[in-house]
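Here the structure is laid out as structure tokens; the discussion comes afterwards.
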Amino acid sequence: MAQLSGATQARETMDKEECNRQFSPTLWSKRIIQPFEGSNEHPVVDAHIKALQEGTARGKAVAETILDVSYGPGDDEKMDIYMPLKPNPAPPVFVYIHGGYWRILGKEFSGYMVPPLVESGAVVVALSYTLSPKGSMDLMVDQMRRAVAFISRQYSHFSGIYLCGHSAGAHLAAMVLATDWSLPEYGVTPDIKGAFLLSGVFDMRPLVQTYVNEHLKMTLEDMARNSPMLKVDAMAPLAGKCHIVLAVAEHDTTEFHRQSRELEQSLKSAGFNVTFLDVPNVDHFDLVEKFCSEEYQLTQVIKEVMFGGVKP
């Protein structure tokens, strides 16, 4: 358990005010953005939502789309599929799980990385889940696991699944990596060949005393049960098969940096091939907004892992 000492110490020493600051990416952004009229969100979040909407519209314009596909019986258990206009007989599938601190956004905002990926021959699948406070963390994790199993069962011609999540989505993607696929409810072991975990929360326990937990309403036990940092042993079957990319923004908070670094070390100790990226000149939000650019560092890394099959 030595690899958890830094996270444990952070949880025990940060007071509530400092925890709130560390889990408030908006406070660390260097961009000056005017608020949108009538919005209740922070101006950086407003701009982020607008960028994702515009990027998703561009994604729909360059791909064949199948929208609102049900992966389960729940009203929120839907996904959007973006396919290349030129058919690929065995494409890799890029499964995207959105952020928003488990309370905002959805698949409708999640097609902004589509153009450079589908043009390279990948299929992009954007997932939705039941947001808090309606949805519990246990439910969200379960939904993402069932969604990946559904994709694997229904689209077996794929050449491999590559998970990607941003912020809260990175947490959920990491929890998918810790799934026991032998359980009968899944009926399949997905061929997960890569995971891109971008500015994620991997030790949930510090969140218990923050404003984020006002809508999650989780106990410390709930937080521990849903902390990927404590689930690395359960990820072990993927070691040697799944290339994991951990990325943080230069202007992410100290805690986001620390958690990604600690997960990197834990994964490497478990035998994973891990790439760590500290992306310069971006904050927590435009870290992913720039995915629409073919020249962007993260876009290039993702394409190299998916199509090159080697460490960037």
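By convention here, the chains of the structure tokens are called A, B, ... in the order presented, each chain's residues are numbered starting at 1, and ligands are numbered starting at 1 in the order presented.
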
So that I can see what lies close to Val208 of chain A, please list as a ChimeraX atom specification the residues with an atom at most 8 Å from it, counting only C-alpha atoms and leaving out residues fewer than 6 positions away in the same chain. /A:218-220,223

Quick one: residues within 12 Å of segment 261-268 of chain A, only C-alpha atoms counted, chain neighbours fewer than 6 positions away excluded, as JSON, numbers by chain? {"A": [1, 2, 3, 4, 5, 6, 7, 8, 10, 170, 171, 174, 177, 178, 197, 198, 199, 200, 201, 202, 203, 227, 228, 229, 230, 231, 232, 233, 234, 235, 236, 237, 238, 239, 240, 242, 243, 244, 245, 246, 247, 248, 254, 255, 274, 275, 276, 277, 278]}

Can you write out the residues you just picked, keeping N, CA and C atoms, as a short mmCIF file (atom, residue, chain, number, x, y, z; two decimals), in the first residue's frame?
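Below you can see again_7.cif, which holds the result:
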data_model
loop_
_atom_site.label_atom_id
_atom_site.label_comp_id
_atom_site.auth_asym_id
_atom_site.auth_seq_id
_atom_site.Cartn_x
_atom_site.Cartn_y
_atom_site.Cartn_z
N MET A 1 0.82 -1.22 0.00
CA MET A 1 0.00 0.00 0.00
C MET A 1 0.84 1.26 0.00
N ALA A 2 2.14 1.11 -0.16
CA ALA A 2 3.02 2.28 -0.07
C ALA A 2 2.70 3.31 -1.12
N GLN A 3 2.22 2.82 -2.29
CA GLN A 3 1.95 3.75 -3.37
C GLN A 3 0.81 4.70 -3.05
N LEU A 4 0.04 4.42 -2.00
CA LEU A 4 -1.10 5.27 -1.65
C LEU A 4 -0.76 6.31 -0.60
N SER A 5 0.48 6.33 -0.14
CA SER A 5 0.80 7.17 1.00
C SER A 5 0.60 8.65 0.71
N GLY A 6 0.97 9.08 -0.50
CA GLY A 6 0.82 10.50 -0.81
C GLY A 6 -0.63 10.92 -0.85
N ALA A 7 -1.47 10.09 -1.48
CA ALA A 7 -2.90 10.41 -1.54
C ALA A 7 -3.52 10.39 -0.15
N THR A 8 -3.11 9.41 0.65
CA THR A 8 -3.65 9.33 2.01
C THR A 8 -3.24 10.55 2.82
N ALA A 10 -2.49 13.50 1.67
CA ALA A 10 -3.23 14.67 1.17
C ALA A 10 -4.63 14.71 1.77
N ALA A 170 -12.67 10.42 -16.71
CA ALA A 170 -11.44 9.64 -16.53
C ALA A 170 -11.58 8.72 -15.33
N HIS A 171 -12.22 9.22 -14.27
CA HIS A 171 -12.50 8.36 -13.11
C HIS A 171 -13.33 7.16 -13.51
N ALA A 174 -11.41 4.67 -15.62
CA ALA A 174 -10.49 3.89 -14.79
C ALA A 174 -11.25 2.82 -14.01
N LEU A 177 -11.74 -0.15 -16.12
CA LEU A 177 -10.55 -0.99 -16.19
C LEU A 177 -10.50 -1.98 -15.03
N ALA A 178 -11.15 -1.65 -13.92
CA ALA A 178 -11.12 -2.50 -12.72
C ALA A 178 -12.32 -3.44 -12.63
N LEU A 197 -6.67 8.54 -19.86
CA LEU A 197 -7.26 9.07 -18.64
C LEU A 197 -6.76 10.50 -18.46
N LEU A 198 -7.64 11.45 -18.70
CA LEU A 198 -7.26 12.85 -18.85
C LEU A 198 -7.77 13.69 -17.69
N SER A 199 -6.85 14.22 -16.88
CA SER A 199 -7.19 15.08 -15.75
C SER A 199 -8.25 14.44 -14.87
N GLY A 200 -7.99 13.23 -14.43
CA GLY A 200 -8.98 12.49 -13.69
C GLY A 200 -8.84 12.58 -12.18
N VAL A 201 -9.91 12.18 -11.50
CA VAL A 201 -9.92 12.01 -10.04
C VAL A 201 -9.85 10.51 -9.78
N PHE A 202 -8.77 10.07 -9.17
CA PHE A 202 -8.54 8.63 -9.00
C PHE A 202 -8.58 8.18 -7.54
N ASP A 203 -8.40 9.10 -6.62
CA ASP A 203 -8.68 8.84 -5.20
C ASP A 203 -9.81 9.77 -4.82
N SER A 227 -12.86 4.35 -5.81
CA SER A 227 -11.57 4.99 -6.06
C SER A 227 -10.68 4.08 -6.90
N PRO A 228 -10.42 4.43 -8.16
CA PRO A 228 -9.53 3.60 -8.98
C PRO A 228 -8.15 3.40 -8.37
N MET A 229 -7.67 4.38 -7.59
CA MET A 229 -6.36 4.25 -6.96
C MET A 229 -6.30 3.04 -6.04
N LEU A 230 -7.45 2.64 -5.51
CA LEU A 230 -7.52 1.50 -4.62
C LEU A 230 -7.89 0.22 -5.35
N LYS A 231 -8.01 0.29 -6.68
CA LYS A 231 -8.49 -0.85 -7.47
C LYS A 231 -7.45 -1.33 -8.49
N VAL A 232 -6.21 -0.93 -8.34
CA VAL A 232 -5.20 -1.30 -9.33
C VAL A 232 -5.03 -2.81 -9.41
N ASP A 233 -5.13 -3.50 -8.29
CA ASP A 233 -5.03 -4.97 -8.32
C ASP A 233 -6.10 -5.58 -9.22
N ALA A 234 -7.29 -4.99 -9.22
CA ALA A 234 -8.37 -5.51 -10.05
C ALA A 234 -8.13 -5.25 -11.53
N MET A 235 -7.26 -4.28 -11.85
CA MET A 235 -6.93 -3.98 -13.24
C MET A 235 -5.86 -4.92 -13.79
N ALA A 236 -5.21 -5.68 -12.92
CA ALA A 236 -4.03 -6.48 -13.28
C ALA A 236 -4.22 -7.37 -14.51
N PRO A 237 -5.40 -7.98 -14.75
CA PRO A 237 -5.54 -8.82 -15.95
C PRO A 237 -5.26 -8.08 -17.26
N LEU A 238 -5.35 -6.75 -17.24
CA LEU A 238 -5.10 -5.97 -18.46
C LEU A 238 -3.63 -5.61 -18.64
N ALA A 239 -2.83 -5.80 -17.62
CA ALA A 239 -1.40 -5.44 -17.72
C ALA A 239 -0.75 -6.24 -18.85
N GLY A 240 0.02 -5.54 -19.66
CA GLY A 240 0.65 -6.17 -20.81
C GLY A 240 -0.22 -6.18 -22.05
N CYS A 242 -2.98 -3.59 -22.30
CA CYS A 242 -3.63 -2.28 -22.39
C CYS A 242 -2.62 -1.18 -22.12
N HIS A 243 -2.42 -0.31 -23.11
CA HIS A 243 -1.54 0.84 -22.97
C HIS A 243 -2.34 1.99 -22.35
N ILE A 244 -1.89 2.50 -21.22
CA ILE A 244 -2.60 3.56 -20.54
C ILE A 244 -1.84 4.88 -20.68
N VAL A 245 -2.56 5.91 -21.11
CA VAL A 245 -2.02 7.27 -21.20
C VAL A 245 -2.68 8.10 -20.12
N LEU A 246 -1.88 8.65 -19.23
CA LEU A 246 -2.35 9.59 -18.21
C LEU A 246 -1.89 10.99 -18.61
N ALA A 247 -2.83 11.93 -18.64
CA ALA A 247 -2.47 13.29 -19.03
C ALA A 247 -3.09 14.29 -18.07
N VAL A 248 -2.33 15.34 -17.79
CA VAL A 248 -2.81 16.48 -17.02
C VAL A 248 -2.45 17.75 -17.76
N THR A 254 -2.78 21.21 -8.25
CA THR A 254 -1.74 20.36 -7.68
C THR A 254 -2.27 18.97 -7.39
N GLU A 255 -3.49 18.88 -6.89
CA GLU A 255 -4.07 17.59 -6.54
C GLU A 255 -4.33 16.73 -7.78
N VAL A 274 2.66 2.51 -19.38
CA VAL A 274 2.02 3.78 -19.07
C VAL A 274 2.81 4.94 -19.67
N THR A 275 2.10 5.84 -20.32
CA THR A 275 2.67 7.09 -20.79
C THR A 275 2.07 8.23 -19.98
N PHE A 276 2.92 9.13 -19.47
CA PHE A 276 2.44 10.29 -18.72
C PHE A 276 2.74 11.54 -19.52
N LEU A 277 1.72 12.41 -19.62
CA LEU A 277 1.88 13.66 -20.35
C LEU A 277 1.45 14.83 -19.48
N ASP A 278 2.31 15.82 -19.34
CA ASP A 278 1.97 17.09 -18.71
C ASP A 278 1.89 18.10 -19.85
#

If you take only C-alpha atoms and a cut-off of 12 Å, which residues of segment 152-189 of chain A touch segment 62-75 of chain A, and what are their nearest atom pairs and distances in Å to one decimal, in chain and number order, as a Markdown table?
| residue | atom | partner | partner_atom | distance |
| --- | --- | --- | --- | --- |
| A:Ser152 | CA | A:Tyr71 | CA | 11.0 |
| A:Arg153 | CA | A:Tyr71 | CA | 10.6 |
| A:Gln154 | CA | A:Tyr71 | CA | 9.7 |
| A:Glu185 | CA | A:Gly72 | CA | 11.8 |
| A:Tyr186 | CA | A:Gly72 | CA | 11.7 |

Would you save the residues from that selection as a compact mmCIF listing (two decimals), in the first residue's frame, using all heavy atoms?
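Output contents, as saved in out_10.txt:
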# COMPACT_ATOMS: atom_id res chain seq x y z
N SER A 152 -18.92 -4.31 -26.87
CA SER A 152 -18.11 -5.47 -27.20
C SER A 152 -18.96 -6.61 -27.76
O SER A 152 -18.55 -7.32 -28.69
CB SER A 152 -17.36 -5.94 -25.96
OG SER A 152 -16.42 -6.94 -26.27
N ARG A 153 -20.16 -6.79 -27.23
CA ARG A 153 -21.03 -7.86 -27.71
C ARG A 153 -21.63 -7.55 -29.08
O ARG A 153 -21.72 -8.41 -29.95
CB ARG A 153 -22.18 -8.11 -26.72
CG ARG A 153 -21.77 -8.76 -25.41
CD ARG A 153 -23.02 -9.27 -24.67
NE ARG A 153 -24.02 -8.23 -24.50
CZ ARG A 153 -24.11 -7.43 -23.46
NH1 ARG A 153 -23.23 -7.51 -22.47
NH2 ARG A 153 -25.07 -6.51 -23.37
N GLN A 154 -22.04 -6.30 -29.26
CA GLN A 154 -22.78 -5.94 -30.46
C GLN A 154 -21.89 -5.66 -31.67
O GLN A 154 -22.32 -5.81 -32.81
CB GLN A 154 -23.64 -4.69 -30.19
CG GLN A 154 -24.71 -4.89 -29.14
CD GLN A 154 -25.75 -5.91 -29.56
OE1 GLN A 154 -26.20 -5.93 -30.70
NE2 GLN A 154 -26.14 -6.77 -28.63
N GLU A 185 -23.40 -10.98 -15.57
CA GLU A 185 -24.19 -9.87 -16.15
C GLU A 185 -23.52 -9.25 -17.37
O GLU A 185 -24.17 -8.55 -18.15
CB GLU A 185 -24.47 -8.79 -15.11
CG GLU A 185 -23.23 -8.18 -14.48
CD GLU A 185 -22.97 -8.75 -13.10
OE1 GLU A 185 -23.18 -9.96 -12.92
OE2 GLU A 185 -22.56 -7.99 -12.21
N TYR A 186 -22.22 -9.48 -17.56
CA TYR A 186 -21.53 -8.88 -18.70
C TYR A 186 -21.52 -9.81 -19.91
O TYR A 186 -21.71 -9.37 -21.03
CB TYR A 186 -20.10 -8.49 -18.31
CG TYR A 186 -20.05 -7.53 -17.15
CD1 TYR A 186 -19.36 -7.84 -15.98
CD2 TYR A 186 -20.72 -6.31 -17.22
CE1 TYR A 186 -19.33 -6.97 -14.91
CE2 TYR A 186 -20.70 -5.43 -16.15
CZ TYR A 186 -19.99 -5.77 -15.00
OH TYR A 186 -19.97 -4.90 -13.94

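Counting from atom CA of Asn213 of chain A, the distance to atom CA of Arg145 of chain A is 22.7 Å.
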
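The space between atom CA of Trp102 of chain A and atom CA of Asp180 of chain A spans 22.9 Å.
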
So which residues of segment 224-286 of chain A fall under strand (DSSP E or B) by DSSP, listed as a ChimeraX atom specification? /A:243-249,273-279

For Asn226 of chain A, work out the shell of residues within 8 Å, counting only C-alpha atoms and skipping chain neighbours fewer than 3 positions away, then give it as a PyMOL selection string. chain A and resi 137-138+175+204+222-223

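Atom pair atom CA of Gly111 of chain A / atom CA of Asp286 of chain A: separated by 14.8 Å.
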